[in-house]
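**Q** I'd like to ask some things about the structure below.
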Amino acid sequence: MKQTSVDKQVIKFLLLEGVHDSAEALIRSAGYHNIEREPASLDGQALAERVKDVHFLGIRSRTQLSAEVFAAAPKLNAVGCFCIGTNQVDLHAARAHGVAVFNAPFSNTRSVAELVLAQATLLLRRVPEKNAAAHRGQWLKSANHSYELRGKTLGIVGYGSIGSQLSVMAESLGMRVVFYDVVTKLPHGNARQVLSLDELLEVSHVVTLHVPETEQTRMMIAAAQLKTMRDQSILINASRGTVVDLAALKEALAAGKLLGAAIDVFPVEPASNKDAFECELIGMDNVILTPHIGGSTLEAQQSIGREVADKLVKYSDTGATVSSVNFPEVALPAHPGKHRILHIHRNVPGILSAINQIFADTGVNVAAQYLQTRDTVGYVVIDTDTEYSGQALERLREVPGTLRTRILF
Ligand code: NAI
C-alpha cells in the first residue's frame, strides 16, 4: 500500500464500542477522514463483514478478535484496544497475520489511585457500615475503630504504574508507604521496599493490590496471608479478581480480623450490565463492592482515546510500533525525503539477506534499516534514497515468509 496524503483518505478506521470522541479527533487531525464508528461491539458474521476492508480497528473490552476475524480482515494493519486488557484479542493470531496490537496501559492509572485512596479513607472511618445502617434507619454515631489516614502505613503490593502513583499521593496525605514487588524498584518519596509479602502484611494498616494476573499472583491473598495481616486492617483489591481468595476474605471479615475491604474486581464478572452480579461478600456492610470501575472515569476514557489513537496514527504514518503488545517494537525517526518500506515476515532464517539482495538487484540504495523480531514475527523497516522501485516492492512481497508489506513516502 502506497501512503500519501491522498491515500490517507482511503485508509479506513473502524471504531467500535463507543470509543471516546478524543480518538476520532486525533485521527482526523492526523489527516485521516475515512472513519466509521459503532456504539456497541460486533460479533460473528456482522464483525467478519465489517472488517473486510478495514485497515485500522478500534475496540474496547467486549469485541472478541479470534483467528477467524483476522482471517476475514486481509487489509488490517493494526488493532487498537481502547482499554488496558488485551485478553479479548487472540494476540498470536494477530501476529501470525502481521497485525500489530496496541492498548492503553497508563491512561487510567490516576483514576485507580484516586479510588483506592478514597476507599481507604472511608473504610478507616467505617463509613460503609454507618452508611448501610443509616439507610436502614439506624444511627451509628461513634468514633470506635475510626481512624485518620495520617500516620497509617499503606502496603502496596505491585509498585508499577498504579502502585507508584498511589505511593506519592498517599505520602502527600501523611501516610507511611511500604511496598512489595518482585522487581527491585526505585522508591518514590520516602516509600520503602520490603523484601517479602509477609513483611508488608505484618506492618500495614491498609493493604492494596496492584499486581497483574499471573500464575504467581493467583490467590496471592488467601487464608494464610489474611492471617498474617495486622488485626483490624483493611484490604483493597482493584487489580484482578483472581488475586484474592474471596471465601477466605469473607471468613476474615466475619471473624473481625479485618476492619473492612474494598473489592473492585472479581474472579467471575458479569459480561454486561444486564447480567446479575454474584459474590460471596454481598450483604457485608463493611465491604465496598464496585463493578470494576477503578479506571472508569471520563478523564481516563478521554486519555485512552488519545493514547491509543496516537499509537495507531504513528504506526500508519511512520511504522513505529513502540509499546505494541504483540509485535516487535521499533522506534523510528521521521524519514524526510526518503521512502520507507515496511516488511513484516515470519521469523525464519534468510529473510533479511533475501530482502537486501532485492535492493541490490534493483539498484535501490538503503539509507537506514531497522530490524526487530518477536517470537514468530520479524519486522524490518527500510528507508531508501532513490525513487520507489515498484519492482522491488513486488519482489519483496514474493519473499517466502512475507506476511505484509507497506510503503510510506
Ligand atoms: P504495572 O504492570 O505497571 O505494575 C504491576 C507491578 O506488579 C509491576 O511493578 C510488577 O513488577 C509487579 N508484580 C508482578 N508480579 C508480582 C508479584 N508476583 N508480586 C509482587 N509484584 C508483582 O500495572 P499497573 O498498570 O500498575 O496495573 C496493576 C493492576 O491493576 C493490573 O492487574 C491491572 O489489570 C489492574 N487495573 C485495574 C483497573 C480497574 O479498573 N480496577 C484499571 C487499571 C488497571
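Residue numbering restarts at 1 for every chain of the C-alpha cells, chains are lettered A, B, ... in their displayed order, and ligands are numbered from 1 as they appear.
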Can you list every residue of chain A that has an atom at most 8 Å from ligand 1, with its nearest atom pair and the distance in Å to one decimal, using only C-alpha atoms and all ligand atoms, ordered by chain then number, as CSV?

**A**
residue,atom,partner,partner_atom_place_in_ligand_line,distance
A:Ile84,CA,ligand 1,43 (C),6.3
A:Gly85,CA,ligand 1,34 (O),6.6
A:Pro105,CA,ligand 1,25 (O),5.8
A:Phe106,CA,ligand 1,25 (O),6.0
A:Asn108,CA,ligand 1,43 (C),6.0
A:Thr109,CA,ligand 1,43 (C),6.1
A:Ser111,CA,ligand 1,42 (C),7.9
A:Val112,CA,ligand 1,42 (C),5.9
A:Val157,CA,ligand 1,20 (C),5.7
A:Gly158,CA,ligand 1,7 (O),3.5
A:Tyr159,CA,ligand 1,9 (O),4.3
A:Gly160,CA,ligand 1,4 (O),3.2
A:Ser161,CA,ligand 1,3 (O),3.8
A:Ile162,CA,ligand 1,26 (O),3.7
A:Gly163,CA,ligand 1,26 (O),5.6
A:Ser164,CA,ligand 1,26 (O),7.7
A:Tyr180,CA,ligand 1,20 (C),5.8
A:Asp181,CA,ligand 1,21 (N),3.6
A:Val182,CA,ligand 1,20 (C),4.6
A:Val183,CA,ligand 1,11 (O),5.0
A:Lys185,CA,ligand 1,9 (O),7.6
A:Leu197,CA,ligand 1,20 (C),7.7
A:Leu209,CA,ligand 1,29 (C),7.5
A:His210,CA,ligand 1,28 (C),4.1
A:Val211,CA,ligand 1,7 (O),3.9
A:Pro212,CA,ligand 1,32 (O),3.5
A:Glu213,CA,ligand 1,32 (O),5.6
A:Thr214,CA,ligand 1,15 (N),7.0
A:Gln216,CA,ligand 1,18 (N),4.9
A:Thr217,CA,ligand 1,18 (N),4.8
A:Met220,CA,ligand 1,18 (N),7.8
A:Asn237,CA,ligand 1,41 (N),7.9
A:Ala238,CA,ligand 1,41 (N),4.1
A:Ser239,CA,ligand 1,30 (O),3.8
A:Arg240,CA,ligand 1,32 (O),5.0
A:Asp264,CA,ligand 1,41 (N),5.7
A:Val265,CA,ligand 1,41 (N),6.1
A:His292,CA,ligand 1,40 (O),5.0
A:Ile293,CA,ligand 1,40 (O),4.7
A:Gly294,CA,ligand 1,40 (O),3.5
A:Gly295,CA,ligand 1,40 (O),3.9
A:Ser296,CA,ligand 1,40 (O),6.2

**Q** With only C-alpha atoms counted and 10 Å as the cut-off, give the residues of segment 267-343 of chain A in contact with segment 396-404 of chain A, each with its shortest interatomic distance in Å and the pair that gives it, as a tab-separated table.

**A**
residue	atom	partner	partner_atom	distance
A:Ile341	CA	A:Leu396	CA	9.7
A:Leu342	CA	A:Arg404	CA	8.0
A:His343	CA	A:Arg404	CA	6.1

**Q** Could you give me the residues within segment 162-404 of chain A that DSSP places in strand (DSSP E or B), as a PyMOL selection string?

**A** chain A and resi 176-180+192-193+206-209+221+233-237+244+258-263+287-289+339-346+366-374+377-384+402-404

**Q** Using the selection just defined, write its residues with C-alpha atoms as a tab-separated table (two decimals), in the first residue's frame.

**A**
chain	number	residue	atom	x	y	z
A	176	ARG	CA	3.76	5.92	55.54
A	177	VAL	CA	4.28	3.70	52.48
A	178	VAL	CA	5.86	0.29	52.17
A	179	PHE	CA	5.73	-1.76	49.02
A	180	TYR	CA	6.45	-5.25	47.82
A	192	ARG	CA	10.33	1.72	51.43
A	193	GLN	CA	10.54	-1.56	49.53
A	206	VAL	CA	-4.16	-0.79	54.65
A	207	VAL	CA	-3.03	-3.36	52.08
A	208	THR	CA	-3.75	-2.58	48.45
A	209	LEU	CA	-3.08	-4.87	45.49
A	221	ILE	CA	-4.00	-13.27	49.26
A	233	SER	CA	-6.52	-3.75	58.97
A	234	ILE	CA	-8.08	-3.20	55.56
A	235	LEU	CA	-7.71	-4.97	52.22
A	236	ILE	CA	-8.30	-3.28	48.88
A	237	ASN	CA	-8.23	-5.11	45.57
A	244	VAL	CA	-7.76	-12.74	46.35
A	258	LEU	CA	-10.16	-7.24	59.15
A	259	LEU	CA	-11.95	-3.94	59.69
A	260	GLY	CA	-13.19	-3.86	56.11
A	261	ALA	CA	-12.43	-4.41	52.46
A	262	ALA	CA	-12.98	-2.82	49.09
A	263	ILE	CA	-13.23	-5.12	46.10
A	287	VAL	CA	-17.23	-4.23	52.31
A	288	ILE	CA	-17.31	-1.78	49.42
A	289	LEU	CA	-18.19	-3.67	46.25
A	339	HIS	CA	10.85	6.31	1.06
A	340	ARG	CA	10.13	3.90	3.88
A	341	ILE	CA	9.32	0.26	3.22
A	342	LEU	CA	7.82	-1.88	5.99
A	343	HIS	CA	8.23	-5.63	5.70
A	344	ILE	CA	6.57	-7.99	8.18
A	345	HIS	CA	7.56	-11.61	7.91
A	346	ARG	CA	7.76	-14.93	9.66
A	366	VAL	CA	19.34	1.69	1.51
A	367	ALA	CA	19.73	4.78	3.78
A	368	ALA	CA	18.72	3.09	7.04
A	369	GLN	CA	17.43	-0.25	8.15
A	370	TYR	CA	15.75	-1.25	11.44
A	371	LEU	CA	15.03	-4.85	12.35
A	372	GLN	CA	13.28	-6.33	15.36
A	373	THR	CA	11.91	-9.79	15.93
A	374	ARG	CA	9.42	-11.09	18.48
A	377	VAL	CA	7.43	-12.49	13.62
A	378	GLY	CA	10.15	-10.24	12.22
A	379	TYR	CA	9.65	-6.58	11.34
A	380	VAL	CA	12.13	-4.75	9.14
A	381	VAL	CA	11.85	-1.08	8.21
A	382	ILE	CA	13.98	0.16	5.33
A	383	ASP	CA	14.47	3.83	4.39
A	384	THR	CA	15.61	4.17	0.79
A	402	THR	CA	6.31	-12.46	3.92
A	403	LEU	CA	3.17	-11.55	5.89
A	404	ARG	CA	2.66	-7.93	4.89

**Q** Contacts of Ala23 of chain A at 6 Å or less, counting only C-alpha atoms, minus same-chain residues fewer than 5 places along, as number ranges by chain?

**A** A: 305-306, 309

**Q** Could you please determine the separation between atom CA of Ala300 of chain A and atom CA of Ser107 of chain A in Å, to one decimal place?

**A**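 Value for the atom CA of Ala300 of chain A-atom CA of Ser107 of chain A distance: 5.6 Å.
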
**Q** Would you compute the distance between atom CA of Ala134 of chain A and atom CA of Leu253 of chain A? Give it in Å to one decimal.

**A**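 The value is 20.6 Å.
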
**Q** As a ChimeraX atom specification, please: the residues near Ser146 of chain A (cut-off 6 Å, only C-alpha atoms, same-chain neighbours under 2 positions excluded).

**A** /A:124-125,143-144

**Q** So that I have them on file, write out the residues from the current selection with C-alpha atoms, as a short mmCIF file (atom, residue, chain, number, x, y, z; two decimals), in the first residue's frame.

**A**
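Saved to part02.cif:
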data_model
loop_
_atom_site.label_atom_id
_atom_site.label_comp_id
_atom_site.auth_asym_id
_atom_site.auth_seq_id
_atom_site.Cartn_x
_atom_site.Cartn_y
_atom_site.Cartn_z
CA LEU A 124 -10.71 3.55 58.06
CA ARG A 125 -13.68 5.66 59.23
CA ALA A 143 -15.56 7.06 66.97
CA ASN A 144 -14.93 3.44 67.80
#

**Q** Using DSSP on the backbone coordinates, identify the residues of segment 17-128 of chain A assigned to helix (DSSP H, G or I); present them as an NGL selection string.

**A** :A and (21-29 or 44-51 or 67-71 or 91-96 or 109-124 or 127-128)

**Q** To one decimal in Å, tell me the separation between atom CA of Pro291 of chain A and atom CA of Leu42 of chain A.

**A**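 Separating atom CA of Pro291 of chain A from atom CA of Leu42 of chain A is a distance of 22.9 Å.
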
**Q** Residues at most 9 Å from Pro333 of chain A, counting only C-alpha atoms, excluding those fewer than 2 positions away in the same chain, as an MDAnalysis selection string?

**A** chainID A and resid 318 320 331 335

**Q** Save out the residues we just selected, N, CA, C and O atoms, as a compact mmCIF listing (two decimals), in the first residue's frame.

**A**
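Output below, filename result-v4.txt:
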# COMPACT_ATOMS: atom_id res chain seq x y z
N THR A 318 4.40 6.28 10.29
CA THR A 318 5.86 6.06 10.29
C THR A 318 6.27 4.60 10.44
O THR A 318 7.44 4.27 10.28
N ALA A 320 6.14 3.06 13.31
CA ALA A 320 6.61 2.87 14.70
C ALA A 320 5.67 1.94 15.45
O ALA A 320 4.45 2.08 15.38
N ALA A 331 11.21 1.79 17.32
CA ALA A 331 11.04 3.24 17.47
C ALA A 331 11.73 3.88 16.28
O ALA A 331 12.90 3.61 16.01
N HIS A 335 11.21 10.31 8.43
CA HIS A 335 12.02 9.92 7.26
C HIS A 335 11.87 10.96 6.16
O HIS A 335 11.50 10.60 5.03

**Q** List as an mmCIF file with all heavy atoms, in the first residue's frame the protein and nucleic acid residues near Arg95 of chain A, meaning an atom at most 10 Å away when only C-alpha atoms are counted, but skip any in the same chain fewer than 2 places from it.

**A**
data_model
loop_
_atom_site.group_PDB
_atom_site.id
_atom_site.type_symbol
_atom_site.label_atom_id
_atom_site.label_comp_id
_atom_site.auth_asym_id
_atom_site.auth_seq_id
_atom_site.Cartn_x
_atom_site.Cartn_y
_atom_site.Cartn_z
ATOM 1 N N PHE A 70 -9.311 -12.330 12.143
ATOM 2 C CA PHE A 70 -8.115 -11.848 11.433
ATOM 3 C C PHE A 70 -8.064 -12.415 10.012
ATOM 4 O O PHE A 70 -7.673 -11.727 9.073
ATOM 5 C CB PHE A 70 -6.843 -12.189 12.221
ATOM 6 C CG PHE A 70 -6.714 -11.371 13.464
ATOM 7 C CD1 PHE A 70 -6.891 -11.938 14.717
ATOM 8 C CD2 PHE A 70 -6.470 -10.006 13.383
ATOM 9 C CE1 PHE A 70 -6.813 -11.178 15.863
ATOM 10 C CE2 PHE A 70 -6.397 -9.220 14.529
ATOM 11 C CZ PHE A 70 -6.566 -9.809 15.778
ATOM 12 N N ALA A 78 -3.492 -2.879 11.980
ATOM 13 C CA ALA A 78 -3.329 -2.794 13.436
ATOM 14 C C ALA A 78 -4.676 -2.743 14.132
ATOM 15 O O ALA A 78 -5.678 -2.302 13.555
ATOM 16 C CB ALA A 78 -2.516 -1.551 13.810
ATOM 17 N N ASP A 90 -6.937 -12.497 20.227
ATOM 18 C CA ASP A 90 -6.003 -13.613 20.046
ATOM 19 C C ASP A 90 -4.702 -13.017 19.500
ATOM 20 O O ASP A 90 -4.550 -12.805 18.295
ATOM 21 C CB ASP A 90 -6.601 -14.639 19.081
ATOM 22 C CG ASP A 90 -5.686 -15.856 18.920
ATOM 23 O OD1 ASP A 90 -4.471 -15.723 19.162
ATOM 24 O OD2 ASP A 90 -6.192 -16.925 18.536
ATOM 25 N N LEU A 91 -3.779 -12.716 20.439
ATOM 26 C CA LEU A 91 -2.571 -11.975 20.052
ATOM 27 C C LEU A 91 -1.665 -12.778 19.126
ATOM 28 O O LEU A 91 -0.980 -12.222 18.266
ATOM 29 C CB LEU A 91 -1.797 -11.549 21.303
ATOM 30 C CG LEU A 91 -2.525 -10.563 22.227
ATOM 31 C CD1 LEU A 91 -1.700 -10.276 23.468
ATOM 32 C CD2 LEU A 91 -2.846 -9.257 21.502
ATOM 33 N N HIS A 92 -1.674 -14.112 19.299
ATOM 34 C CA HIS A 92 -0.845 -14.949 18.414
ATOM 35 C C HIS A 92 -1.377 -14.906 16.996
ATOM 36 O O HIS A 92 -0.622 -14.791 16.027
ATOM 37 C CB HIS A 92 -0.803 -16.386 18.930
ATOM 38 C CG HIS A 92 -0.118 -16.490 20.260
ATOM 39 N ND1 HIS A 92 1.234 -16.311 20.392
ATOM 40 C CD2 HIS A 92 -0.599 -16.710 21.493
ATOM 41 C CE1 HIS A 92 1.565 -16.421 21.667
ATOM 42 N NE2 HIS A 92 0.463 -16.673 22.359
ATOM 43 N N ALA A 93 -2.719 -15.004 16.879
ATOM 44 C CA ALA A 93 -3.323 -14.961 15.545
ATOM 45 C C ALA A 93 -3.057 -13.605 14.898
ATOM 46 O O ALA A 93 -2.736 -13.521 13.703
ATOM 47 C CB ALA A 93 -4.823 -15.220 15.645
ATOM 48 N N HIS A 97 -0.900 -12.928 11.409
ATOM 49 C CA HIS A 97 -1.432 -12.208 10.245
ATOM 50 C C HIS A 97 -0.710 -10.878 10.022
ATOM 51 O O HIS A 97 -1.121 -10.085 9.180
ATOM 52 C CB HIS A 97 -2.934 -11.956 10.412
ATOM 53 C CG HIS A 97 -3.764 -13.173 10.113
ATOM 54 N ND1 HIS A 97 -4.042 -14.136 11.061
ATOM 55 C CD2 HIS A 97 -4.327 -13.603 8.962
ATOM 56 C CE1 HIS A 97 -4.761 -15.090 10.503
ATOM 57 N NE2 HIS A 97 -4.951 -14.800 9.236
ATOM 58 N N GLY A 98 0.337 -10.629 10.811
ATOM 59 C CA GLY A 98 1.099 -9.383 10.642
ATOM 60 C C GLY A 98 0.351 -8.162 11.142
ATOM 61 O O GLY A 98 0.573 -7.053 10.659
ATOM 62 N N VAL A 99 -0.535 -8.364 12.118
ATOM 63 C CA VAL A 99 -1.332 -7.248 12.649
ATOM 64 C C VAL A 99 -0.791 -6.843 14.029
ATOM 65 O O VAL A 99 -0.747 -7.669 14.950
ATOM 66 C CB VAL A 99 -2.819 -7.665 12.784
ATOM 67 C CG1 VAL A 99 -3.637 -6.535 13.421
ATOM 68 C CG2 VAL A 99 -3.386 -8.051 11.424
ATOM 69 N N ALA A 100 -0.387 -5.590 14.145
ATOM 70 C CA ALA A 100 0.126 -5.082 15.429
ATOM 71 C C ALA A 100 -1.052 -4.711 16.324
ATOM 72 O O ALA A 100 -2.056 -4.185 15.853
ATOM 73 C CB ALA A 100 1.004 -3.855 15.189
ATOM 74 N N VAL A 101 -0.917 -4.995 17.628
ATOM 75 C CA VAL A 101 -1.988 -4.678 18.583
ATOM 76 C C VAL A 101 -1.443 -3.700 19.632
ATOM 77 O O VAL A 101 -0.350 -3.889 20.161
ATOM 78 C CB VAL A 101 -2.513 -5.959 19.282
ATOM 79 C CG1 VAL A 101 -3.613 -5.606 20.287
ATOM 80 C CG2 VAL A 101 -3.036 -6.956 18.245
ATOM 81 N N VAL A 325 1.667 -4.669 22.046
ATOM 82 C CA VAL A 325 1.659 -5.802 22.977
ATOM 83 C C VAL A 325 2.018 -7.131 22.306
ATOM 84 O O VAL A 325 2.242 -8.123 22.997
ATOM 85 C CB VAL A 325 0.294 -5.955 23.697
ATOM 86 C CG1 VAL A 325 0.039 -4.776 24.604
ATOM 87 C CG2 VAL A 325 -0.852 -6.112 22.704
ATOM 88 N N ASN A 326 2.045 -7.168 20.972
ATOM 89 C CA ASN A 326 2.281 -8.471 20.329
ATOM 90 C C ASN A 326 3.315 -8.414 19.218
ATOM 91 O O ASN A 326 3.541 -9.404 18.537
ATOM 92 C CB ASN A 326 0.969 -8.990 19.718
ATOM 93 C CG ASN A 326 0.580 -8.207 18.479
ATOM 94 O OD1 ASN A 326 0.850 -7.018 18.372
ATOM 95 N ND2 ASN A 326 -0.030 -8.892 17.542
ATOM 96 N N PHE A 327 3.927 -7.264 19.006
ATOM 97 C CA PHE A 327 4.707 -7.063 17.798
ATOM 98 C C PHE A 327 6.128 -6.652 18.142
ATOM 99 O O PHE A 327 6.347 -6.073 19.210
ATOM 100 C CB PHE A 327 4.037 -5.918 17.010
ATOM 101 C CG PHE A 327 3.868 -6.205 15.560
ATOM 102 C CD1 PHE A 327 3.129 -7.299 15.148
ATOM 103 C CD2 PHE A 327 4.447 -5.386 14.598
ATOM 104 C CE1 PHE A 327 2.972 -7.577 13.807
ATOM 105 C CE2 PHE A 327 4.286 -5.660 13.257
ATOM 106 C CZ PHE A 327 3.548 -6.749 12.869
ATOM 107 N N PRO A 328 7.077 -6.907 17.262
ATOM 108 C CA PRO A 328 8.423 -6.380 17.524
ATOM 109 C C PRO A 328 8.341 -4.863 17.660
ATOM 110 O O PRO A 328 7.675 -4.211 16.862
ATOM 111 C CB PRO A 328 9.205 -6.768 16.255
ATOM 112 C CG PRO A 328 8.394 -7.824 15.584
ATOM 113 C CD PRO A 328 6.970 -7.622 15.979
ATOM 114 N N ILE A 344 6.879 -7.139 7.028
ATOM 115 C CA ILE A 344 6.571 -7.991 8.184
ATOM 116 C C ILE A 344 6.617 -9.431 7.695
ATOM 117 O O ILE A 344 6.022 -9.770 6.662
ATOM 118 C CB ILE A 344 5.170 -7.645 8.742
ATOM 119 C CG1 ILE A 344 5.142 -6.160 9.146
ATOM 120 C CG2 ILE A 344 4.820 -8.540 9.925
ATOM 121 C CD1 ILE A 344 3.745 -5.602 9.316
ATOM 122 N N HIS A 345 7.346 -10.254 8.417
ATOM 123 C CA HIS A 345 7.564 -11.609 7.906
ATOM 124 C C HIS A 345 7.645 -12.619 9.042
ATOM 125 O O HIS A 345 7.797 -12.249 10.206
ATOM 126 C CB HIS A 345 8.867 -11.655 7.094
ATOM 127 C CG HIS A 345 10.029 -11.054 7.825
ATOM 128 N ND1 HIS A 345 10.444 -9.748 7.622
ATOM 129 C CD2 HIS A 345 10.846 -11.554 8.790
ATOM 130 C CE1 HIS A 345 11.460 -9.490 8.422
ATOM 131 N NE2 HIS A 345 11.728 -10.568 9.137
ATOM 132 N N ARG A 346 7.553 -13.873 8.672
ATOM 133 C CA ARG A 346 7.763 -14.930 9.661
ATOM 134 C C ARG A 346 9.241 -14.909 10.059
ATOM 135 O O ARG A 346 10.123 -14.702 9.222
ATOM 136 C CB ARG A 346 7.388 -16.298 9.078
ATOM 137 C CG ARG A 346 5.907 -16.567 9.258
ATOM 138 C CD ARG A 346 5.585 -18.028 9.039
ATOM 139 N NE ARG A 346 5.390 -18.329 7.631
ATOM 140 C CZ ARG A 346 4.281 -18.034 6.964
ATOM 141 N NH1 ARG A 346 3.271 -17.453 7.569
ATOM 142 N NH2 ARG A 346 4.175 -18.320 5.692
ATOM 143 N N ARG A 374 10.104 -10.717 17.245
ATOM 144 C CA ARG A 374 9.418 -11.086 18.485
ATOM 145 C C ARG A 374 8.729 -12.412 18.219
ATOM 146 O O ARG A 374 7.842 -12.502 17.352
ATOM 147 C CB ARG A 374 8.411 -10.021 18.863
ATOM 148 C CG ARG A 374 7.698 -10.306 20.171
ATOM 149 C CD ARG A 374 7.076 -9.022 20.677
ATOM 150 N NE ARG A 374 6.261 -9.228 21.830
ATOM 151 C CZ ARG A 374 5.638 -8.271 22.480
ATOM 152 N NH1 ARG A 374 5.753 -7.021 22.064
ATOM 153 N NH2 ARG A 374 4.890 -8.527 23.518
ATOM 154 N N ASP A 375 9.169 -13.413 18.933
ATOM 155 C CA ASP A 375 8.625 -14.767 18.756
ATOM 156 C C ASP A 375 8.649 -15.156 17.284
ATOM 157 O O ASP A 375 9.689 -15.227 16.696
ATOM 158 C CB ASP A 375 7.215 -14.865 19.341
ATOM 159 C CG ASP A 375 7.222 -14.580 20.840
ATOM 160 O OD1 ASP A 375 8.260 -14.833 21.471
ATOM 161 O OD2 ASP A 375 6.207 -14.091 21.345
ATOM 162 N N THR A 376 7.455 -15.296 16.713
ATOM 163 C CA THR A 376 7.367 -15.852 15.364
ATOM 164 C C THR A 376 7.433 -14.805 14.262
ATOM 165 O O THR A 376 7.369 -15.141 13.080
ATOM 166 C CB THR A 376 6.038 -16.612 15.217
ATOM 167 O OG1 THR A 376 4.985 -15.711 15.624
ATOM 168 C CG2 THR A 376 5.997 -17.857 16.093
ATOM 169 N N VAL A 377 7.537 -13.527 14.649
ATOM 170 C CA VAL A 377 7.430 -12.487 13.621
ATOM 171 C C VAL A 377 8.662 -11.585 13.604
ATOM 172 O O VAL A 377 9.219 -11.251 14.647
ATOM 173 C CB VAL A 377 6.155 -11.645 13.863
ATOM 174 C CG1 VAL A 377 6.177 -10.348 13.077
ATOM 175 C CG2 VAL A 377 4.923 -12.440 13.453
ATOM 176 N N GLY A 378 9.076 -11.206 12.397
ATOM 177 C CA GLY A 378 10.152 -10.243 12.224
ATOM 178 C C GLY A 378 9.586 -9.006 11.543
ATOM 179 O O GLY A 378 8.653 -9.091 10.740
ATOM 180 N N LEU A 403 4.556 -11.655 5.415
ATOM 181 C CA LEU A 403 3.170 -11.546 5.892
ATOM 182 C C LEU A 403 2.494 -10.287 5.372
ATOM 183 O O LEU A 403 1.311 -10.273 5.083
ATOM 184 C CB LEU A 403 3.143 -11.528 7.426
ATOM 185 C CG LEU A 403 3.624 -12.793 8.129
ATOM 186 C CD1 LEU A 403 3.745 -12.562 9.634
ATOM 187 C CD2 LEU A 403 2.647 -13.942 7.862
#

**Q** Env of Val127 of chain A: 10 Å cut, atoms = only C-alpha atoms, seq-sep filter 6 positions within chain, self excluded. Answer as a PyMOL selection string.

**A** chain A and resi 119+121+133+140+146+285-286+288

**Q** Could you save the residues just selected, with all heavy atoms, as a compact mmCIF listing (two decimals), in the first residue's frame?

**A**
# COMPACT_ATOMS: atom_id res chain seq x y z
N GLN A 119 -11.33 4.89 49.02
CA GLN A 119 -11.82 3.69 49.72
C GLN A 119 -11.10 3.51 51.05
O GLN A 119 -11.73 3.15 52.06
CB GLN A 119 -11.63 2.46 48.83
CG GLN A 119 -12.57 2.48 47.63
CD GLN A 119 -12.27 1.37 46.64
OE1 GLN A 119 -11.11 0.97 46.47
NE2 GLN A 119 -13.30 0.88 45.98
N THR A 121 -9.82 5.83 52.89
CA THR A 121 -10.34 6.85 53.82
C THR A 121 -11.67 6.41 54.41
O THR A 121 -11.89 6.46 55.62
CB THR A 121 -10.54 8.19 53.05
OG1 THR A 121 -9.38 8.46 52.29
CG2 THR A 121 -10.83 9.33 54.01
N ALA A 133 -26.15 1.27 57.67
CA ALA A 133 -27.05 1.31 58.82
C ALA A 133 -28.01 2.49 58.71
O ALA A 133 -29.22 2.35 58.98
CB ALA A 133 -26.23 1.41 60.11
N LEU A 140 -25.49 5.20 63.87
CA LEU A 140 -24.29 4.60 64.49
C LEU A 140 -23.22 5.67 64.77
O LEU A 140 -22.12 5.61 64.23
CB LEU A 140 -23.69 3.52 63.58
CG LEU A 140 -24.47 2.24 63.34
CD1 LEU A 140 -23.59 1.21 62.62
CD2 LEU A 140 -24.96 1.64 64.66
N SER A 146 -12.44 4.15 64.38
CA SER A 146 -12.43 5.09 63.25
C SER A 146 -11.11 5.85 63.30
O SER A 146 -10.73 6.39 64.34
CB SER A 146 -13.60 6.07 63.37
OG SER A 146 -14.80 5.38 63.18
N ASP A 285 -21.77 -5.28 55.40
CA ASP A 285 -21.78 -3.81 55.46
C ASP A 285 -20.38 -3.20 55.43
O ASP A 285 -20.22 -2.03 55.06
CB ASP A 285 -22.48 -3.35 56.75
CG ASP A 285 -23.99 -3.53 56.65
OD1 ASP A 285 -24.48 -3.97 55.58
OD2 ASP A 285 -24.68 -3.23 57.65
N ASN A 286 -19.39 -3.96 55.90
CA ASN A 286 -18.04 -3.38 55.95
C ASN A 286 -17.23 -3.65 54.68
O ASN A 286 -16.01 -3.57 54.67
CB ASN A 286 -17.27 -3.88 57.19
CG ASN A 286 -17.22 -5.39 57.25
OD1 ASN A 286 -17.96 -6.07 56.53
ND2 ASN A 286 -16.35 -5.92 58.10
N ILE A 288 -16.90 -2.59 50.57
CA ILE A 288 -17.31 -1.78 49.42
C ILE A 288 -17.15 -2.65 48.18
O ILE A 288 -16.03 -3.11 47.89
CB ILE A 288 -16.43 -0.50 49.28
CG1 ILE A 288 -16.51 0.36 50.54
CG2 ILE A 288 -16.85 0.29 48.05
CD1 ILE A 288 -15.57 1.58 50.50
